[in-house]
Amino acid sequence: MICFIDAATQYGVAVGRAGDRPTSWTGRFASRGASHGAIGFGAIKMLTAVIEKYHPDEIVIEAPLPTSLVRGKTNTRTTEILMGLPFTLQAWAYGLKMYRVSVARVSDIRHHFIGANPRGDVGKEKVWRKCLDMGWIAATDEDLSNDRTDALAGWSYAEHQIAPRLATPVDDLFVAAARRKRQGRG
């Protein structure tokens, strides 16, 4: 069982066995404007609930972007949160005797999932579209957020790193064939 966490104040999680369709959702670690402590504690509570419910063998957390890439686009408070959440989650997992915890870079995830690393909204749109094409989200879903689809893309990357023989293919030909099959045309 693989768990991927897109860790930010508004987070995304994807959980599943390699080769199966992952379960995914989003949430907030704390209310808007909450203290760093409240956000960190919310992250701890979420991770505890995920471990108790799903018993993952591996946890992979999205690595924060280097500060050099976000300079001038964010503030110190946000940077502290984004840098602190992966550390907090890894420490808590360790405390719960989960030792197979790692981080994955957005650039590696996107290269795997969409074949390139376009920045910003362009990259998020391509990831969202690929999740839709794979049948991991549906246009009628209540939650169609980028946090959810980023978590799904990260889960796919982790799946391919951890269990490549069982992993769901993400190449365009496979995705198109699977989409046609779901639509009853294949």
# chains A, B, ... in the order shown; residues from 1 in each chain; ligands from 1

call {"tool": "select_by_dssp", "arguments": {"residues": "region 80-173 of chain A", "states": "strand (DSSP E)", "output": "number ranges by chain"}}
result
A: 101-104

call {"tool": "write_last_selection", "arguments": {"atoms": "N, CA, C and O atoms", "output": "PDB file, in the first residue's frame"}}
result
ATOM      1  N   VAL A 101       9.686   6.128   4.408  1.00  0.00           N
ATOM      2  CA  VAL A 101       9.131   7.445   4.103  1.00  0.00           C
ATOM      3  C   VAL A 101      10.160   8.192   3.269  1.00  0.00           C
ATOM      4  O   VAL A 101      11.339   8.200   3.594  1.00  0.00           O
ATOM      5  N   SER A 102       9.690   8.804   2.186  1.00  0.00           N
ATOM      6  CA  SER A 102      10.605   9.545   1.318  1.00  0.00           C
ATOM      7  C   SER A 102       9.905  10.779   0.765  1.00  0.00           C
ATOM      8  O   SER A 102       8.718  10.991   1.012  1.00  0.00           O
ATOM      9  N   VAL A 103      10.655  11.572   0.044  1.00  0.00           N
ATOM     10  CA  VAL A 103      10.090  12.747  -0.620  1.00  0.00           C
ATOM     11  C   VAL A 103      10.310  12.610  -2.119  1.00  0.00           C
ATOM     12  O   VAL A 103      11.228  11.915  -2.566  1.00  0.00           O
ATOM     13  N   ALA A 104       9.462  13.273  -2.888  1.00  0.00           N
ATOM     14  CA  ALA A 104       9.580  13.263  -4.350  1.00  0.00           C
ATOM     15  C   ALA A 104       9.450  14.694  -4.851  1.00  0.00           C
ATOM     16  O   ALA A 104       8.592  15.451  -4.378  1.00  0.00           O
TER      17      ALA A 104
END

call {"tool": "closest_atom_pairs", "arguments": {"of": "region 63-150 of chain A", "to": "region 167-183 of chain A", "cutoff": "8 Å", "atoms": "only C-alpha atoms", "output": "JSON lines"}}
result
{"residue": "A:Phe113", "atom": "CA", "partner": "A:Val170", "partner_atom": "CA", "distance": 6.4}
{"residue": "A:Asp133", "atom": "CA", "partner": "A:Arg179", "partner_atom": "CA", "distance": 6.1}
{"residue": "A:Met134", "atom": "CA", "partner": "A:Val175", "partner_atom": "CA", "distance": 5.7}
{"residue": "A:Gly135", "atom": "CA", "partner": "A:Arg179", "partner_atom": "CA", "distance": 7.1}

call {"tool": "write_last_selection", "arguments": {"atoms": "all heavy atoms", "output": "PDB file, in the first residue's frame"}}
result
ATOM      1  N   PHE A 113       4.683  11.647 -15.097  1.00  0.00           N
ATOM      2  CA  PHE A 113       3.249  11.571 -15.329  1.00  0.00           C
ATOM      3  C   PHE A 113       2.797  12.211 -16.640  1.00  0.00           C
ATOM      4  O   PHE A 113       1.925  11.668 -17.319  1.00  0.00           O
ATOM      5  CB  PHE A 113       2.515  12.221 -14.146  1.00  0.00           C
ATOM      6  CG  PHE A 113       1.075  11.824 -14.020  1.00  0.00           C
ATOM      7  CD1 PHE A 113       0.719  10.508 -13.771  1.00  0.00           C
ATOM      8  CD2 PHE A 113       0.071  12.765 -14.135  1.00  0.00           C
ATOM      9  CE1 PHE A 113      -0.613  10.130 -13.641  1.00  0.00           C
ATOM     10  CE2 PHE A 113      -1.270  12.407 -14.004  1.00  0.00           C
ATOM     11  CZ  PHE A 113      -1.608  11.087 -13.755  1.00  0.00           C
ATOM     12  N   ASP A 133      -8.290  11.553 -17.885  1.00  0.00           N
ATOM     13  CA  ASP A 133      -8.143  10.559 -18.953  1.00  0.00           C
ATOM     14  C   ASP A 133      -7.919   9.153 -18.404  1.00  0.00           C
ATOM     15  O   ASP A 133      -8.337   8.170 -19.009  1.00  0.00           O
ATOM     16  CB  ASP A 133      -6.985  10.935 -19.886  1.00  0.00           C
ATOM     17  CG  ASP A 133      -7.301  12.136 -20.761  1.00  0.00           C
ATOM     18  OD1 ASP A 133      -8.476  12.534 -20.848  1.00  0.00           O
ATOM     19  OD2 ASP A 133      -6.342  12.699 -21.336  1.00  0.00           O
ATOM     20  N   MET A 134      -7.252   9.058 -17.249  1.00  0.00           N
ATOM     21  CA  MET A 134      -6.983   7.745 -16.654  1.00  0.00           C
ATOM     22  C   MET A 134      -8.180   7.199 -15.893  1.00  0.00           C
ATOM     23  O   MET A 134      -8.173   6.048 -15.455  1.00  0.00           O
ATOM     24  CB  MET A 134      -5.760   7.822 -15.740  1.00  0.00           C
ATOM     25  CG  MET A 134      -4.481   8.079 -16.523  1.00  0.00           C
ATOM     26  SD  MET A 134      -3.020   7.990 -15.509  1.00  0.00           S
ATOM     27  CE  MET A 134      -2.950   6.241 -15.179  1.00  0.00           C
ATOM     28  N   GLY A 135      -9.197   8.011 -15.708  1.00  0.00           N
ATOM     29  CA  GLY A 135     -10.366   7.566 -14.961  1.00  0.00           C
ATOM     30  C   GLY A 135     -10.182   7.655 -13.456  1.00  0.00           C
ATOM     31  O   GLY A 135     -10.980   7.107 -12.699  1.00  0.00           O
TER      32      GLY A 135
END

call {"tool": "residues_around", "arguments": {"residues": "Lys45 (chain A)", "least_positions_apart": "2", "cutoff": "12 Å", "atoms": "only C-alpha atoms", "output": "PDB file with C-alpha atoms, in the first residue's frame"}}
result
ATOM      1  CA  GLY A  27      -8.500  18.640   3.085  1.00  0.00           C
ATOM      2  CA  ARG A  28      -7.099  21.439   5.210  1.00  0.00           C
ATOM      3  CA  PHE A  29      -4.711  20.874   8.099  1.00  0.00           C
ATOM      4  CA  ALA A  30      -6.215  23.907   9.867  1.00  0.00           C
ATOM      5  CA  ALA A  38      -2.254  24.293  14.505  1.00  0.00           C
ATOM      6  CA  ILE A  39      -1.221  23.447  10.937  1.00  0.00           C
ATOM      7  CA  GLY A  40       1.491  21.041  12.097  1.00  0.00           C
ATOM      8  CA  PHE A  41      -0.871  19.361  14.553  1.00  0.00           C
ATOM      9  CA  GLY A  42      -3.483  19.024  11.799  1.00  0.00           C
ATOM     10  CA  ALA A  43      -0.862  17.302   9.637  1.00  0.00           C
ATOM     11  CA  LEU A  47      -1.237  11.197   8.964  1.00  0.00           C
ATOM     12  CA  THR A  48      -2.279   9.233  12.045  1.00  0.00           C
ATOM     13  CA  ALA A  49      -5.756   8.684  10.562  1.00  0.00           C
ATOM     14  CA  VAL A  50      -4.305   7.583   7.197  1.00  0.00           C
ATOM     15  CA  ILE A  51      -1.927   5.104   8.834  1.00  0.00           C
ATOM     16  CA  GLU A  52      -4.669   3.683  11.083  1.00  0.00           C
ATOM     17  CA  THR A  88       6.802  17.191  10.487  1.00  0.00           C
ATOM     18  CA  LEU A  89       5.168  14.345   8.555  1.00  0.00           C
ATOM     19  CA  TRP A  92       5.622  11.729  12.986  1.00  0.00           C
ATOM     20  CA  ALA A  93       5.765   8.714  10.660  1.00  0.00           C
TER      21      ALA A  93
END

call {"tool": "closest_residue", "arguments": {"among": "A:Ile81, A:Ala91, A:Ala138, A:Leu152", "to": "Ile109 (chain A)", "atoms": "only C-alpha atoms"}}
result
A:Leu152

call {"tool": "atom_distance", "arguments": {"atom1": "CA of Ile114 (chain A)", "atom2": "CA of Val127 (chain A)"}}
result
6.6 Å

call {"tool": "closest_residue", "arguments": {"among": "A:Gly115, A:Gly123, A:Gly12, A:Gly84", "to": "Trp155 (chain A)", "atoms": "only C-alpha atoms"}}
result
A:Gly12

call {"tool": "residues_around", "arguments": {"residues": "Glu125 (chain A)", "least_positions_apart": "2", "cutoff": "12 Å", "atoms": "only C-alpha atoms", "output": "PyMOL selection string"}}
result
chain A and resi 110+114+117-123+127-132+144-147+149-150+153

call {"tool": "atom_distance", "arguments": {"atom1": "CA of Tyr157 (chain A)", "atom2": "CA of Pro56 (chain A)"}}
result
15.8 Å

call {"tool": "residues_around", "arguments": {"residues": "Ala163 (chain A)", "least_positions_apart": "4", "cutoff": "10 Å", "atoms": "only C-alpha atoms", "output": "compact mmCIF listing (two decimals) with N, CA and C atoms, in the first residue's frame"}}
result
# COMPACT_ATOMS: atom_id res chain seq x y z
N ILE A 2 0.62 2.13 -0.93
CA ILE A 2 1.41 3.35 -1.09
C ILE A 2 0.54 4.55 -0.73
N ARG A 17 -2.92 0.33 -3.61
CA ARG A 17 -1.94 -0.72 -3.92
C ARG A 17 -1.47 -0.53 -5.35
N ALA A 18 -0.22 -0.85 -5.59
CA ALA A 18 0.34 -0.75 -6.94
C ALA A 18 -0.51 -1.57 -7.90
N GLY A 19 -0.86 -0.99 -9.04
CA GLY A 19 -1.67 -1.66 -10.04
C GLY A 19 -3.16 -1.45 -9.88
N ALA A 158 5.30 7.45 -7.35
CA ALA A 158 5.75 6.55 -6.28
C ALA A 158 5.52 5.10 -6.64
N GLU A 159 4.37 4.80 -7.21
CA GLU A 159 4.03 3.44 -7.64
C GLU A 159 5.09 2.92 -8.62
N ALA A 167 2.95 -1.43 -11.60
CA ALA A 167 2.47 -0.06 -11.77
C ALA A 167 1.56 0.11 -12.99
N THR A 168 0.59 0.98 -12.84
CA THR A 168 -0.32 1.33 -13.92
C THR A 168 0.42 2.16 -14.96

call {"tool": "atom_distance", "arguments": {"atom1": "CA of Pro64 (chain A)", "atom2": "CA of Met98 (chain A)"}}
result
20.9 Å

call {"tool": "select_by_dssp", "arguments": {"residues": "region 99-143 of chain A", "states": "alpha helix (DSSP H)", "output": "PyMOL selection string"}}
result
chain A and resi 106-114+120-134

call {"tool": "write_last_selection", "arguments": {"atoms": "C-alpha atoms", "output": "CSV table (one decimal), in the first residue's frame"}}
result
chain,number,residue,atom,x,y,z
A,106,VAL,CA,7.5,18.0,-8.4
A,107,SER,CA,9.8,18.0,-11.5
A,108,ASP,CA,10.3,14.2,-11.3
A,109,ILE,CA,6.6,13.6,-10.7
A,110,ARG,CA,5.6,15.7,-13.7
A,111,HIS,CA,8.2,14.2,-16.0
A,112,HIS,CA,7.0,10.8,-15.1
A,113,PHE,CA,3.2,11.6,-15.3
A,114,ILE,CA,3.0,14.0,-18.2
A,120,GLY,CA,2.5,26.7,-12.8
A,121,ASP,CA,-1.1,26.5,-14.1
A,122,VAL,CA,0.0,24.8,-17.4
A,123,GLY,CA,1.5,21.9,-15.5
A,124,LYS,CA,-1.4,21.6,-13.1
A,125,GLU,CA,-3.9,21.6,-16.0
A,126,LYS,CA,-1.9,18.8,-17.8
A,127,VAL,CA,-1.8,16.7,-14.6
A,128,TRP,CA,-5.5,17.3,-14.1
A,129,ARG,CA,-6.4,16.3,-17.6
A,130,LYS,CA,-4.2,13.1,-17.4
A,131,CYS,CA,-6.0,12.1,-14.2
A,132,LEU,CA,-9.3,12.6,-15.9
A,133,ASP,CA,-8.1,10.6,-19.0
A,134,MET,CA,-7.0,7.7,-16.7
